[in-house]
Structures are given as C-alpha cells and as structure tokens.
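Everything on this sheet refers to the single structure shown next.
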Amino acid sequence: MSEFIVIAGPCAVENEGQIGRIAQAVAKAGASMLRGGAFKPRTSPYSFQGLGEEGFKLLEEAGKNVGLSVVSEVTSPDQLKMFSGMIQIGSRNMQNYELLKAVGDTRLPVLLKRGMCSTIDEWLMSAEYILSRGNKNVMLCERGIRTFETHTRNTLDLGAVAVAKTLTSLPVIVDPSHAAGRAELVEPLALAALAVGADGVMLEVHDDPEKALCDGEQALTPDAFKKLMNRMRELGSVLGKVVGR
Ligand code: PEP
Ligand code: MN
C-alpha cells in the first residue's frame with residue numbers, strides 16, 4: 001500500500017482563529033499536511049495580499065497544535081528566512097529562476113506548481129533548477145492550465161500527471177481546487193487524480209467560504225472535505241493507496 005498525500009487548508013491564512021479552526025477540522029478528517037498562504041500572488045493589487053510574515057507564524061503554530069507539517073507559498077528569495085515548512089512555488093513563479101535557485105540552495109521540501117501556460121518539459125526543467133543545486137526534496141503539482149474553456153477556472157491536465165509519472169520519479173500531486181474554481185467540481189476532480197495515479201492532492205478548505213478573503217468559491221467546507229476524504233478512502237482501498245493519515 002502506498003501513501004496518497006492529502007494537503008488541506010485555506011487559500012490564505014486570515015487570522016489566528018480561522019487557521020486554528022480549519023487546522024483542527026482537516027487534521028481530524030485525516031489530512032497529511034496543512035496549507036495556508038501568507039504571501040498571496042493576487043491578480044489585482046487591491047485584493048487581500050495575505051498577512052505576510054505573520055501568516056507564516058500563525059500557520060506554523062496552527063500546524064504544531066494539531067501535529068501537521070505545513071506548506072506555504074514563497075514569492076521571493078528574501079521570504080525563505082521567515083519560514084521553515086514546505087516551500088510552495090506558485091504557478092506564476094514556476095519560471096522565476098532566481099527563486100528556483102534560491103530554494104535549490106536550501107534543504108527545505110519544495111512543492112513546485114506547474115505554470116498555467118507551461119509545457120510538461122518546462123515544468124520538469126524548473127524542477128531541475130532546484131534538484132541541480134542539491135535539493136532533492138521536490139514534489140510536483142498539476143493545478144490546471146489555461147485553455148479556451150471557461151466553465152472551469154483552469155483545465156485540469158490529468159494527462160500531464162500520467163506523463164510526468166513516466167518521466168520522473170518525483171512525487172506528482174494534483175490541485176483540483178485551482179483547476180475547478182468551483183467547490184462542487186472539486187470532488188470528481190480529486191477522485192480522478194487518485195485514479196490517474198497521482199501521489200496526492202492539495203485541497204482548499206474554509207470554514208466560512210462565503211466570507212473567505214481569497215478563493216471562497218472553490219473552498220470545501222470542513223463537512224465536504226470529510227465526505228471527500230471518505231470517498232477517496234473508498235477508491236484508495238481498491239487502488240492499494242492509503243489516503244491521508
Ligand atoms: C495557491 O495554491 O494558493 C495558489 C495561488 O495556486 P497557484 O499558484 O496554482 O495559482
Ligand atoms: Mn487559492
């Protein structure tokens with residue numbers, strides 16, 4: 001039986017209570033890791049930009065309280081000294097080579113998201129920037145690409161997951177939340193990720209999606225997350241995968 005990692009948490013850390021409650025809920029449902037953005041790369045400069053360094057601290061504390069390791073996006077090399085969890089390189093920064101070199105020089109685990117307009121080869125070359133500097137602890141994440149389709153926020157490229165699994169031995173996970181853009185589509189896409197052979201999923205969860213400061217439309221409630229965990233466990237038992245903790 002191999003492990004299917006489930007990373008869950010809000011798009012953005014908003015305050016101590018919010019991240020604490022969500023951490024408790026996802027840990028109880030069996031998540032493997034807690035996510036939460038501190039430096040948010042938003043399309044509009046007028047949207048909530050994240051709590052910055054304070055967000056990293058609140059995330060680390062919430063993770064510690066529930067016994068989960070944490071992942072958060074870093075958008076520039078100077079932020080690396082502020083955080084000691086798993087470093088997420090976001091879609092918009094997949095080809096920010098100075099950032100890739102900087103994380104390659106650390107020995108922190110890295111989650112490298114695929115650029116929204118990047119080919120599989122470009123994605124793997126970005127991973128090489130990190131690996132070639134000696135940091136071998138890299139996980140890849142497919143999060144949907146830009147196509148002509150408008151019903152989903154991005155087009156989830158599950159074919160890329162199957163291809164990446166043939167080209168690299170790095171773990172490949174899927175982010176159905178940013179691909180779907182709508183909460184009701186997250187469950188089928190997460191189950192498909194498990195079926196296609198991904199090594200895990202990253203899911204956005206919020207205890208009050210309507211009031212979320214970022215990406216509320218695609219956030220699962222804690223109840224929906226628990227239900228999805230059960231569905232993934234059922235499918236995982238057929239596929240020989242242990243889902244979450
Ligand atoms: C995120 O995971 O918070 C995020 C911003 O995702 P992406 O870089 O895939 O858009
Ligand atoms: Mn988000």
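Identifiers in the structure tokens: chain A, B, ... in order shown; residue index from 1 per chain; ligand index from 1 in order shown.
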Val161 of chain A: which residues within 12 Å, counting only C-alpha atoms, same-chain residues fewer than 2 positions away excluded, as a PyMOL selection string?
-> chain A and resi 114+119-120+123-124+140-144+156-159+163-175+192-201
For the selection you just gave me, I'd like the residues written to a file as a PDB file, in the first residue's frame, keeping C-alpha atoms.
ATOM      1  CA  ARG A 114       3.072  23.848 -12.907  1.00  0.00           C
ATOM      2  CA  THR A 119       4.565  22.602 -21.030  1.00  0.00           C
ATOM      3  CA  ILE A 120       5.463  19.437 -19.139  1.00  0.00           C
ATOM      4  CA  TRP A 123       7.816  22.215 -15.640  1.00  0.00           C
ATOM      5  CA  LEU A 124      10.388  19.430 -15.332  1.00  0.00           C
ATOM      6  CA  LEU A 140       5.399  18.423  -8.484  1.00  0.00           C
ATOM      7  CA  CYS A 141       1.844  19.773  -8.550  1.00  0.00           C
ATOM      8  CA  GLU A 142      -0.510  19.942 -11.558  1.00  0.00           C
ATOM      9  CA  ARG A 143      -3.038  22.746 -10.934  1.00  0.00           C
ATOM     10  CA  GLY A 144      -4.719  23.213 -14.296  1.00  0.00           C
ATOM     11  CA  LEU A 156      -7.068  20.118 -15.198  1.00  0.00           C
ATOM     12  CA  ASP A 157      -4.454  18.269 -17.248  1.00  0.00           C
ATOM     13  CA  LEU A 158      -4.588  14.749 -15.834  1.00  0.00           C
ATOM     14  CA  GLY A 159      -2.727  13.523 -18.909  1.00  0.00           C
ATOM     15  CA  VAL A 163       3.159  11.684 -18.495  1.00  0.00           C
ATOM     16  CA  ALA A 164       5.140  13.192 -15.609  1.00  0.00           C
ATOM     17  CA  LYS A 165       4.954   9.830 -13.783  1.00  0.00           C
ATOM     18  CA  THR A 166       6.712   8.209 -16.758  1.00  0.00           C
ATOM     19  CA  LEU A 167       9.421  10.909 -16.985  1.00  0.00           C
ATOM     20  CA  THR A 168      10.384  11.456 -13.364  1.00  0.00           C
ATOM     21  CA  SER A 169      10.456   9.615 -10.076  1.00  0.00           C
ATOM     22  CA  LEU A 170       9.468  12.766  -8.185  1.00  0.00           C
ATOM     23  CA  PRO A 171       6.053  12.614  -6.489  1.00  0.00           C
ATOM     24  CA  VAL A 172       3.314  14.277  -8.561  1.00  0.00           C
ATOM     25  CA  ILE A 173       0.254  15.677  -6.832  1.00  0.00           C
ATOM     26  CA  VAL A 174      -2.859  17.464  -8.138  1.00  0.00           C
ATOM     27  CA  ASP A 175      -4.595  20.659  -7.008  1.00  0.00           C
ATOM     28  CA  ALA A 192      -9.912  11.406 -10.894  1.00  0.00           C
ATOM     29  CA  ALA A 193      -6.471  12.495  -9.628  1.00  0.00           C
ATOM     30  CA  LEU A 194      -6.367   9.456  -7.358  1.00  0.00           C
ATOM     31  CA  ALA A 195      -7.476   7.174 -10.207  1.00  0.00           C
ATOM     32  CA  VAL A 196      -4.904   8.532 -12.692  1.00  0.00           C
ATOM     33  CA  GLY A 197      -2.046   7.653 -10.363  1.00  0.00           C
ATOM     34  CA  ALA A 198      -1.203  10.966  -8.671  1.00  0.00           C
ATOM     35  CA  ASP A 199       0.641  10.749  -5.350  1.00  0.00           C
ATOM     36  CA  GLY A 200      -1.697  13.143  -3.596  1.00  0.00           C
ATOM     37  CA  VAL A 201      -3.955  16.165  -3.750  1.00  0.00           C
TER      38      VAL A 201
END
Could you make a table, as CSV, of the residues of chain A that have an atom within 10 Å of an atom of ligand 2, each with its nearest atom pair and distance in Å to one decimal, counting only C-alpha atoms and all ligand atoms, in chain and number order?
residue,atom,partner,partner_atom_place_in_ligand_line,distance
A:Gly9,CA,ligand 2,1 (Mn),9.8
A:Pro10,CA,ligand 2,1 (Mn),7.5
A:Cys11,CA,ligand 2,1 (Mn),4.1
A:Ala12,CA,ligand 2,1 (Mn),7.1
A:Gly36,CA,ligand 2,1 (Mn),8.9
A:Gly37,CA,ligand 2,1 (Mn),7.9
A:Lys40,CA,ligand 2,1 (Mn),8.4
A:Pro41,CA,ligand 2,1 (Mn),9.3
A:Arg42,CA,ligand 2,1 (Mn),9.3
A:Asp175,CA,ligand 2,1 (Mn),9.8
A:Ser177,CA,ligand 2,1 (Mn),7.5
A:His178,CA,ligand 2,1 (Mn),6.3
A:Gly181,CA,ligand 2,1 (Mn),8.9
A:Leu203,CA,ligand 2,1 (Mn),9.2
A:Glu204,CA,ligand 2,1 (Mn),6.8
A:Val205,CA,ligand 2,1 (Mn),9.8
A:Leu213,CA,ligand 2,1 (Mn),9.9
A:Cys214,CA,ligand 2,1 (Mn),6.4
A:Asp215,CA,ligand 2,1 (Mn),5.1
A:Gly216,CA,ligand 2,1 (Mn),8.3
A:Glu217,CA,ligand 2,1 (Mn),9.7
A:Gln218,CA,ligand 2,1 (Mn),8.0
A:Ala219,CA,ligand 2,1 (Mn),8.4
Those in segment 39-185 of chain A with strand (DSSP E) from DSSP, as a PyMOL selection string = chain A and resi 69-73+86-89+110-113+138-142+172-174
Generate a file of the selected residues that holds all heavy atoms, formatted as a compact mmCIF listing (two decimals), in the first residue's frame.
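Below you can see result_22.txt, which holds the result:
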# COMPACT_ATOMS: atom_id res chain seq x y z
N SER A 69 2.58 18.97 9.58
CA SER A 69 3.57 19.85 8.96
C SER A 69 2.84 20.75 7.97
O SER A 69 1.69 20.48 7.59
CB SER A 69 4.68 19.04 8.30
OG SER A 69 4.14 18.12 7.43
N VAL A 70 3.51 21.84 7.58
CA VAL A 70 2.81 22.91 6.86
C VAL A 70 3.48 23.25 5.54
O VAL A 70 4.68 23.02 5.35
CB VAL A 70 2.70 24.18 7.73
CG1 VAL A 70 1.81 23.94 8.93
CG2 VAL A 70 4.08 24.69 8.17
N VAL A 71 2.67 23.80 4.63
CA VAL A 71 3.18 24.26 3.34
C VAL A 71 2.61 25.65 3.05
O VAL A 71 1.44 25.91 3.32
CB VAL A 71 2.87 23.25 2.19
CG1 VAL A 71 1.41 22.92 2.10
CG2 VAL A 71 3.39 23.77 0.84
N SER A 72 3.49 26.53 2.52
CA SER A 72 3.05 27.88 2.19
C SER A 72 3.88 28.43 1.04
O SER A 72 5.06 28.09 0.90
CB SER A 72 3.19 28.79 3.42
OG SER A 72 2.45 29.98 3.26
N GLU A 73 3.26 29.28 0.25
CA GLU A 73 3.97 29.83 -0.92
C GLU A 73 4.96 30.91 -0.53
O GLU A 73 4.69 31.75 0.34
CB GLU A 73 2.94 30.39 -1.93
CG GLU A 73 3.62 31.03 -3.14
CD GLU A 73 2.67 31.26 -4.32
OE1 GLU A 73 1.49 30.87 -4.24
OE2 GLU A 73 3.15 31.85 -5.31
N MET A 86 7.28 23.36 4.27
CA MET A 86 7.46 23.05 2.85
C MET A 86 7.21 24.33 2.05
O MET A 86 6.23 25.04 2.27
CB MET A 86 6.49 21.95 2.41
CG MET A 86 6.64 21.61 0.94
SD MET A 86 5.43 20.40 0.37
CE MET A 86 6.42 18.94 0.29
N ILE A 87 8.12 24.60 1.11
CA ILE A 87 8.05 25.82 0.31
C ILE A 87 7.24 25.56 -0.96
O ILE A 87 7.58 24.68 -1.75
CB ILE A 87 9.47 26.27 -0.13
CG1 ILE A 87 10.40 26.43 1.08
CG2 ILE A 87 9.40 27.55 -0.97
CD1 ILE A 87 9.99 27.49 2.06
N GLN A 88 6.17 26.33 -1.14
CA GLN A 88 5.42 26.22 -2.39
C GLN A 88 5.92 27.27 -3.38
O GLN A 88 6.04 28.44 -3.04
CB GLN A 88 3.93 26.43 -2.10
CG GLN A 88 3.06 26.39 -3.35
CD GLN A 88 1.58 26.38 -2.99
OE1 GLN A 88 1.15 25.71 -2.04
NE2 GLN A 88 0.79 27.13 -3.73
N ILE A 89 6.21 26.80 -4.60
CA ILE A 89 6.48 27.74 -5.70
C ILE A 89 5.19 27.77 -6.50
O ILE A 89 4.75 26.74 -7.03
CB ILE A 89 7.65 27.28 -6.59
CG1 ILE A 89 8.93 27.07 -5.78
CG2 ILE A 89 7.89 28.27 -7.74
CD1 ILE A 89 9.54 28.31 -5.20
N VAL A 110 10.13 21.15 -1.21
CA VAL A 110 9.55 22.12 -2.16
C VAL A 110 8.37 21.50 -2.90
O VAL A 110 8.44 20.36 -3.37
CB VAL A 110 10.62 22.57 -3.20
CG1 VAL A 110 10.02 23.58 -4.17
CG2 VAL A 110 11.85 23.14 -2.51
N LEU A 111 7.29 22.26 -3.01
CA LEU A 111 6.15 21.88 -3.83
C LEU A 111 6.16 22.81 -5.05
O LEU A 111 5.92 24.02 -4.92
CB LEU A 111 4.85 22.06 -3.03
CG LEU A 111 3.56 21.70 -3.75
CD1 LEU A 111 3.53 20.22 -4.10
CD2 LEU A 111 2.35 22.03 -2.88
N LEU A 112 6.44 22.26 -6.22
CA LEU A 112 6.57 23.07 -7.43
C LEU A 112 5.33 22.95 -8.29
O LEU A 112 5.08 21.92 -8.93
CB LEU A 112 7.81 22.63 -8.22
CG LEU A 112 8.05 23.35 -9.55
CD1 LEU A 112 8.33 24.84 -9.34
CD2 LEU A 112 9.20 22.70 -10.31
N LYS A 113 4.54 24.03 -8.32
CA LYS A 113 3.33 24.01 -9.15
C LYS A 113 3.67 24.25 -10.61
O LYS A 113 4.62 24.98 -10.92
CB LYS A 113 2.35 25.06 -8.63
CG LYS A 113 1.76 24.68 -7.27
CD LYS A 113 0.61 25.57 -6.91
CE LYS A 113 -0.53 24.77 -6.39
NZ LYS A 113 -1.75 25.58 -6.28
N VAL A 138 11.77 17.47 -3.84
CA VAL A 138 10.85 18.24 -4.68
C VAL A 138 9.62 17.39 -5.03
O VAL A 138 9.75 16.22 -5.40
CB VAL A 138 11.54 18.68 -5.99
CG1 VAL A 138 10.57 19.45 -6.89
CG2 VAL A 138 12.78 19.53 -5.68
N MET A 139 8.46 18.01 -4.89
CA MET A 139 7.21 17.38 -5.28
C MET A 139 6.58 18.26 -6.36
O MET A 139 6.65 19.49 -6.26
CB MET A 139 6.31 17.35 -4.04
CG MET A 139 5.21 16.35 -4.04
SD MET A 139 4.15 16.57 -2.60
CE MET A 139 5.03 15.67 -1.38
N LEU A 140 6.02 17.65 -7.40
CA LEU A 140 5.40 18.42 -8.48
C LEU A 140 3.90 18.53 -8.25
O LEU A 140 3.30 17.62 -7.68
CB LEU A 140 5.66 17.73 -9.82
CG LEU A 140 7.13 17.56 -10.22
CD1 LEU A 140 7.24 16.62 -11.42
CD2 LEU A 140 7.76 18.91 -10.53
N CYS A 141 3.29 19.62 -8.72
CA CYS A 141 1.84 19.77 -8.55
C CYS A 141 1.19 20.32 -9.83
O CYS A 141 1.47 21.44 -10.24
CB CYS A 141 1.55 20.70 -7.37
SG CYS A 141 -0.21 20.96 -7.07
N GLU A 142 0.32 19.51 -10.41
CA GLU A 142 -0.51 19.94 -11.56
C GLU A 142 -1.72 20.69 -10.99
O GLU A 142 -2.44 20.15 -10.15
CB GLU A 142 -0.94 18.70 -12.36
CG GLU A 142 -2.17 18.88 -13.25
CD GLU A 142 -2.02 19.91 -14.36
OE1 GLU A 142 -0.90 20.08 -14.88
OE2 GLU A 142 -3.03 20.54 -14.69
N VAL A 172 4.14 13.32 -7.80
CA VAL A 172 3.31 14.28 -8.56
C VAL A 172 1.94 14.35 -7.89
O VAL A 172 1.25 13.33 -7.79
CB VAL A 172 3.14 13.82 -10.03
CG1 VAL A 172 2.35 14.87 -10.81
CG2 VAL A 172 4.49 13.55 -10.70
N ILE A 173 1.58 15.53 -7.44
CA ILE A 173 0.25 15.68 -6.83
C ILE A 173 -0.61 16.60 -7.70
O ILE A 173 -0.12 17.22 -8.64
CB ILE A 173 0.32 16.15 -5.36
CG1 ILE A 173 0.76 17.62 -5.26
CG2 ILE A 173 1.23 15.25 -4.52
CD1 ILE A 173 0.44 18.24 -3.91
N VAL A 174 -1.90 16.68 -7.35
CA VAL A 174 -2.86 17.46 -8.14
C VAL A 174 -3.59 18.45 -7.21
O VAL A 174 -3.94 18.11 -6.08
CB VAL A 174 -3.87 16.51 -8.82
CG1 VAL A 174 -5.04 17.29 -9.43
CG2 VAL A 174 -3.18 15.68 -9.90
Among the residues A:Leu108, A:Met125, A:Met116, A:Met232, the one that comes closest to ligand 1 [using only C-alpha atoms and all ligand atoms] = A:Met116
Kindly give the distance, in Å, that separates atom CA of Arg21 of chain A and atom CA of Asp207 of chain A, rounded to a single decimal.
-> 7.6 Å
Atom CA of Val103 of chain A to atom CA of Gly67 of chain A: how many Å, to one decimal?
->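 Atom-to-atom, atom CA of Val103 of chain A and atom CA of Gly67 of chain A are spaced 24.8 Å apart.
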Hey, can you check how far atom CA of Val66 of chain A sits from atom CA of Asp208 of chain A?
->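 Taking atom CA of Val66 of chain A and atom CA of Asp208 of chain A, their separation equals 20.0 Å.
Each of A:Ala224, A:Leu80, A:Leu100, A:Ile7 was compared to ligand 1 using only C-alpha atoms and all ligand atoms, and A:Ile7 turns out to be the nearest.
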Considering only C-alpha atoms, return as a list in words whatever protein or nucleic-acid residues lie within 8 Å of Pro222 of chain A, sequence-local ones (same chain, fewer than 4 positions apart) excluded.
->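 Once the adjacent positions are removed, what remains is Ile22, Ala25, Val26, Val205, His206, Asp207 and Lys226 of chain A.
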Residue subset to file, keeping N, CA and C atoms, as a PDB file, in the first residue's frame:
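Done, and the output landed in result-v4.pdb:
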ATOM      1  N   ILE A  22      -9.635  25.690  11.078  1.00  0.00           N
ATOM      2  CA  ILE A  22      -9.516  24.864   9.872  1.00  0.00           C
ATOM      3  C   ILE A  22      -8.462  23.763  10.086  1.00  0.00           C
ATOM      4  N   ALA A  25     -10.065  20.962  11.975  1.00  0.00           N
ATOM      5  CA  ALA A  25     -11.024  20.205  11.160  1.00  0.00           C
ATOM      6  C   ALA A  25     -10.305  19.274  10.185  1.00  0.00           C
ATOM      7  N   VAL A  26      -9.281  19.796   9.492  1.00  0.00           N
ATOM      8  CA  VAL A  26      -8.644  18.941   8.477  1.00  0.00           C
ATOM      9  C   VAL A  26      -7.805  17.840   9.131  1.00  0.00           C
ATOM     10  N   VAL A 205      -9.745  24.405   1.829  1.00  0.00           N
ATOM     11  CA  VAL A 205     -10.836  24.189   2.791  1.00  0.00           C
ATOM     12  C   VAL A 205     -11.004  25.473   3.602  1.00  0.00           C
ATOM     13  N   HIS A 206     -12.252  25.902   3.768  1.00  0.00           N
ATOM     14  CA  HIS A 206     -12.524  27.102   4.581  1.00  0.00           C
ATOM     15  C   HIS A 206     -13.783  26.860   5.400  1.00  0.00           C
ATOM     16  N   ASP A 207     -13.789  27.317   6.647  1.00  0.00           N
ATOM     17  CA  ASP A 207     -14.964  27.041   7.496  1.00  0.00           C
ATOM     18  C   ASP A 207     -16.108  28.034   7.234  1.00  0.00           C
ATOM     19  N   LYS A 226     -14.533  16.292   4.743  1.00  0.00           N
ATOM     20  CA  LYS A 226     -14.635  14.987   5.425  1.00  0.00           C
ATOM     21  C   LYS A 226     -15.299  13.951   4.515  1.00  0.00           C
TER      22      LYS A 226
END
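Counting only C-alpha atoms, the residue from A:Ala102, A:Ala160, A:Leu68, A:Ala212 that sits nearest to Asp121 of chain A is A:Ala160.
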Using only C-alpha atoms and all ligand atoms, which of A:Met94, A:Ile130, A:Leu191, A:Leu185 sits nearest ligand 1?
-> A:Met94
Compare A:Ala27, A:Asn154, A:Ser132, A:Val13 by their minimum atom-to-atom distance to Phe225 of chain A, counting only C-alpha atoms, and give me the closest one.
->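 Of A:Ala27, A:Asn154, A:Ser132, A:Val13, the one nearest Phe225 of chain A is A:Ala27, counting only C-alpha atoms.
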Considering only C-alpha atoms, state which residue in the set A:Ala62, A:Thr106, A:Tyr97, A:Thr155 is at the smallest distance from Lys81 of chain A.
->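 For Lys81 of chain A, the nearest of the candidates is A:Thr106.
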Alpha helix (DSSP H) residues, from DSSP on the backbone, in segment 19-205 of chain A, as a ChimeraX atom specification | /A:19-29,53-66,97-104,120-131,158-167,176-180,186-196
Write the residues of the selection above to a file with C-alpha atoms, as a PDB file, in the first residue's frame.
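New file selection.pdb:
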ATOM      1  CA  ILE A  19      -6.389  28.960  10.652  1.00  0.00           C
ATOM      2  CA  GLY A  20      -6.741  27.275  14.052  1.00  0.00           C
ATOM      3  CA  ARG A  21     -10.293  26.077  13.379  1.00  0.00           C
ATOM      4  CA  ILE A  22      -9.516  24.864   9.872  1.00  0.00           C
ATOM      5  CA  ALA A  23      -6.350  23.106  11.075  1.00  0.00           C
ATOM      6  CA  GLN A  24      -8.384  21.230  13.706  1.00  0.00           C
ATOM      7  CA  ALA A  25     -11.024  20.205  11.160  1.00  0.00           C
ATOM      8  CA  VAL A  26      -8.644  18.941   8.477  1.00  0.00           C
ATOM      9  CA  ALA A  27      -6.439  17.135  10.992  1.00  0.00           C
ATOM     10  CA  LYS A  28      -9.476  15.393  12.469  1.00  0.00           C
ATOM     11  CA  ALA A  29     -10.599  14.285   8.992  1.00  0.00           C
ATOM     12  CA  GLU A  53       5.445  37.003   7.795  1.00  0.00           C
ATOM     13  CA  GLU A  54       2.698  36.960  10.452  1.00  0.00           C
ATOM     14  CA  GLY A  55       0.813  34.472   8.245  1.00  0.00           C
ATOM     15  CA  PHE A  56       3.788  32.078   8.257  1.00  0.00           C
ATOM     16  CA  LYS A  57       3.911  32.250  12.080  1.00  0.00           C
ATOM     17  CA  LEU A  58       0.184  31.616  12.515  1.00  0.00           C
ATOM     18  CA  LEU A  59       0.318  28.707  10.061  1.00  0.00           C
ATOM     19  CA  GLU A  60       3.312  27.100  11.784  1.00  0.00           C
ATOM     20  CA  GLU A  61       1.643  27.489  15.181  1.00  0.00           C
ATOM     21  CA  ALA A  62      -1.670  26.029  13.955  1.00  0.00           C
ATOM     22  CA  GLY A  63       0.158  23.101  12.364  1.00  0.00           C
ATOM     23  CA  LYS A  64       2.120  22.444  15.548  1.00  0.00           C
ATOM     24  CA  ASN A  65      -1.066  22.481  17.635  1.00  0.00           C
ATOM     25  CA  VAL A  66      -2.643  19.711  15.557  1.00  0.00           C
ATOM     26  CA  TYR A  97      14.712  31.204 -11.987  1.00  0.00           C
ATOM     27  CA  GLU A  98      16.298  33.260  -9.192  1.00  0.00           C
ATOM     28  CA  LEU A  99      13.612  31.962  -6.818  1.00  0.00           C
ATOM     29  CA  LEU A 100      14.147  28.382  -8.042  1.00  0.00           C
ATOM     30  CA  LYS A 101      17.915  28.697  -7.479  1.00  0.00           C
ATOM     31  CA  ALA A 102      17.334  30.122  -4.001  1.00  0.00           C
ATOM     32  CA  VAL A 103      15.082  27.218  -2.937  1.00  0.00           C
ATOM     33  CA  GLY A 104      17.547  24.831  -4.580  1.00  0.00           C
ATOM     34  CA  ILE A 120       5.463  19.437 -19.139  1.00  0.00           C
ATOM     35  CA  ASP A 121       9.104  19.789 -20.255  1.00  0.00           C
ATOM     36  CA  GLU A 122       9.285  23.375 -18.962  1.00  0.00           C
ATOM     37  CA  TRP A 123       7.816  22.215 -15.640  1.00  0.00           C
ATOM     38  CA  LEU A 124      10.388  19.430 -15.332  1.00  0.00           C
ATOM     39  CA  MET A 125      13.225  21.817 -16.268  1.00  0.00           C
ATOM     40  CA  SER A 126      12.111  24.146 -13.488  1.00  0.00           C
ATOM     41  CA  ALA A 127      12.365  21.172 -11.130  1.00  0.00           C
ATOM     42  CA  GLU A 128      15.898  20.619 -12.451  1.00  0.00           C
ATOM     43  CA  TYR A 129      16.844  24.153 -11.334  1.00  0.00           C
ATOM     44  CA  ILE A 130      16.107  23.052  -7.768  1.00  0.00           C
ATOM     45  CA  LEU A 131      17.452  19.484  -7.995  1.00  0.00           C
ATOM     46  CA  LEU A 158      -4.588  14.749 -15.834  1.00  0.00           C
ATOM     47  CA  GLY A 159      -2.727  13.523 -18.909  1.00  0.00           C
ATOM     48  CA  ALA A 160       0.228  15.580 -17.712  1.00  0.00           C
ATOM     49  CA  VAL A 161       0.170  13.662 -14.433  1.00  0.00           C
ATOM     50  CA  ALA A 162       0.363  10.338 -16.262  1.00  0.00           C
ATOM     51  CA  VAL A 163       3.159  11.684 -18.495  1.00  0.00           C
ATOM     52  CA  ALA A 164       5.140  13.192 -15.609  1.00  0.00           C
ATOM     53  CA  LYS A 165       4.954   9.830 -13.783  1.00  0.00           C
ATOM     54  CA  THR A 166       6.712   8.209 -16.758  1.00  0.00           C
ATOM     55  CA  LEU A 167       9.421  10.909 -16.985  1.00  0.00           C
ATOM     56  CA  PRO A 176      -8.249  20.231  -8.048  1.00  0.00           C
ATOM     57  CA  SER A 177      -9.298  23.446  -6.268  1.00  0.00           C
ATOM     58  CA  HIS A 178      -7.449  25.909  -8.512  1.00  0.00           C
ATOM     59  CA  ALA A 179      -8.267  23.799 -11.564  1.00  0.00           C
ATOM     60  CA  ALA A 180     -12.003  23.703 -10.828  1.00  0.00           C
ATOM     61  CA  VAL A 186     -13.528  19.548  -6.568  1.00  0.00           C
ATOM     62  CA  GLU A 187     -14.719  16.064  -5.534  1.00  0.00           C
ATOM     63  CA  PRO A 188     -14.876  14.496  -9.032  1.00  0.00           C
ATOM     64  CA  LEU A 189     -11.509  16.008  -9.981  1.00  0.00           C
ATOM     65  CA  ALA A 190      -9.875  14.826  -6.748  1.00  0.00           C
ATOM     66  CA  LEU A 191     -11.173  11.280  -7.302  1.00  0.00           C
ATOM     67  CA  ALA A 192      -9.912  11.406 -10.894  1.00  0.00           C
ATOM     68  CA  ALA A 193      -6.471  12.495  -9.628  1.00  0.00           C
ATOM     69  CA  LEU A 194      -6.367   9.456  -7.358  1.00  0.00           C
ATOM     70  CA  ALA A 195      -7.476   7.174 -10.207  1.00  0.00           C
ATOM     71  CA  VAL A 196      -4.904   8.532 -12.692  1.00  0.00           C
TER      72      VAL A 196
END
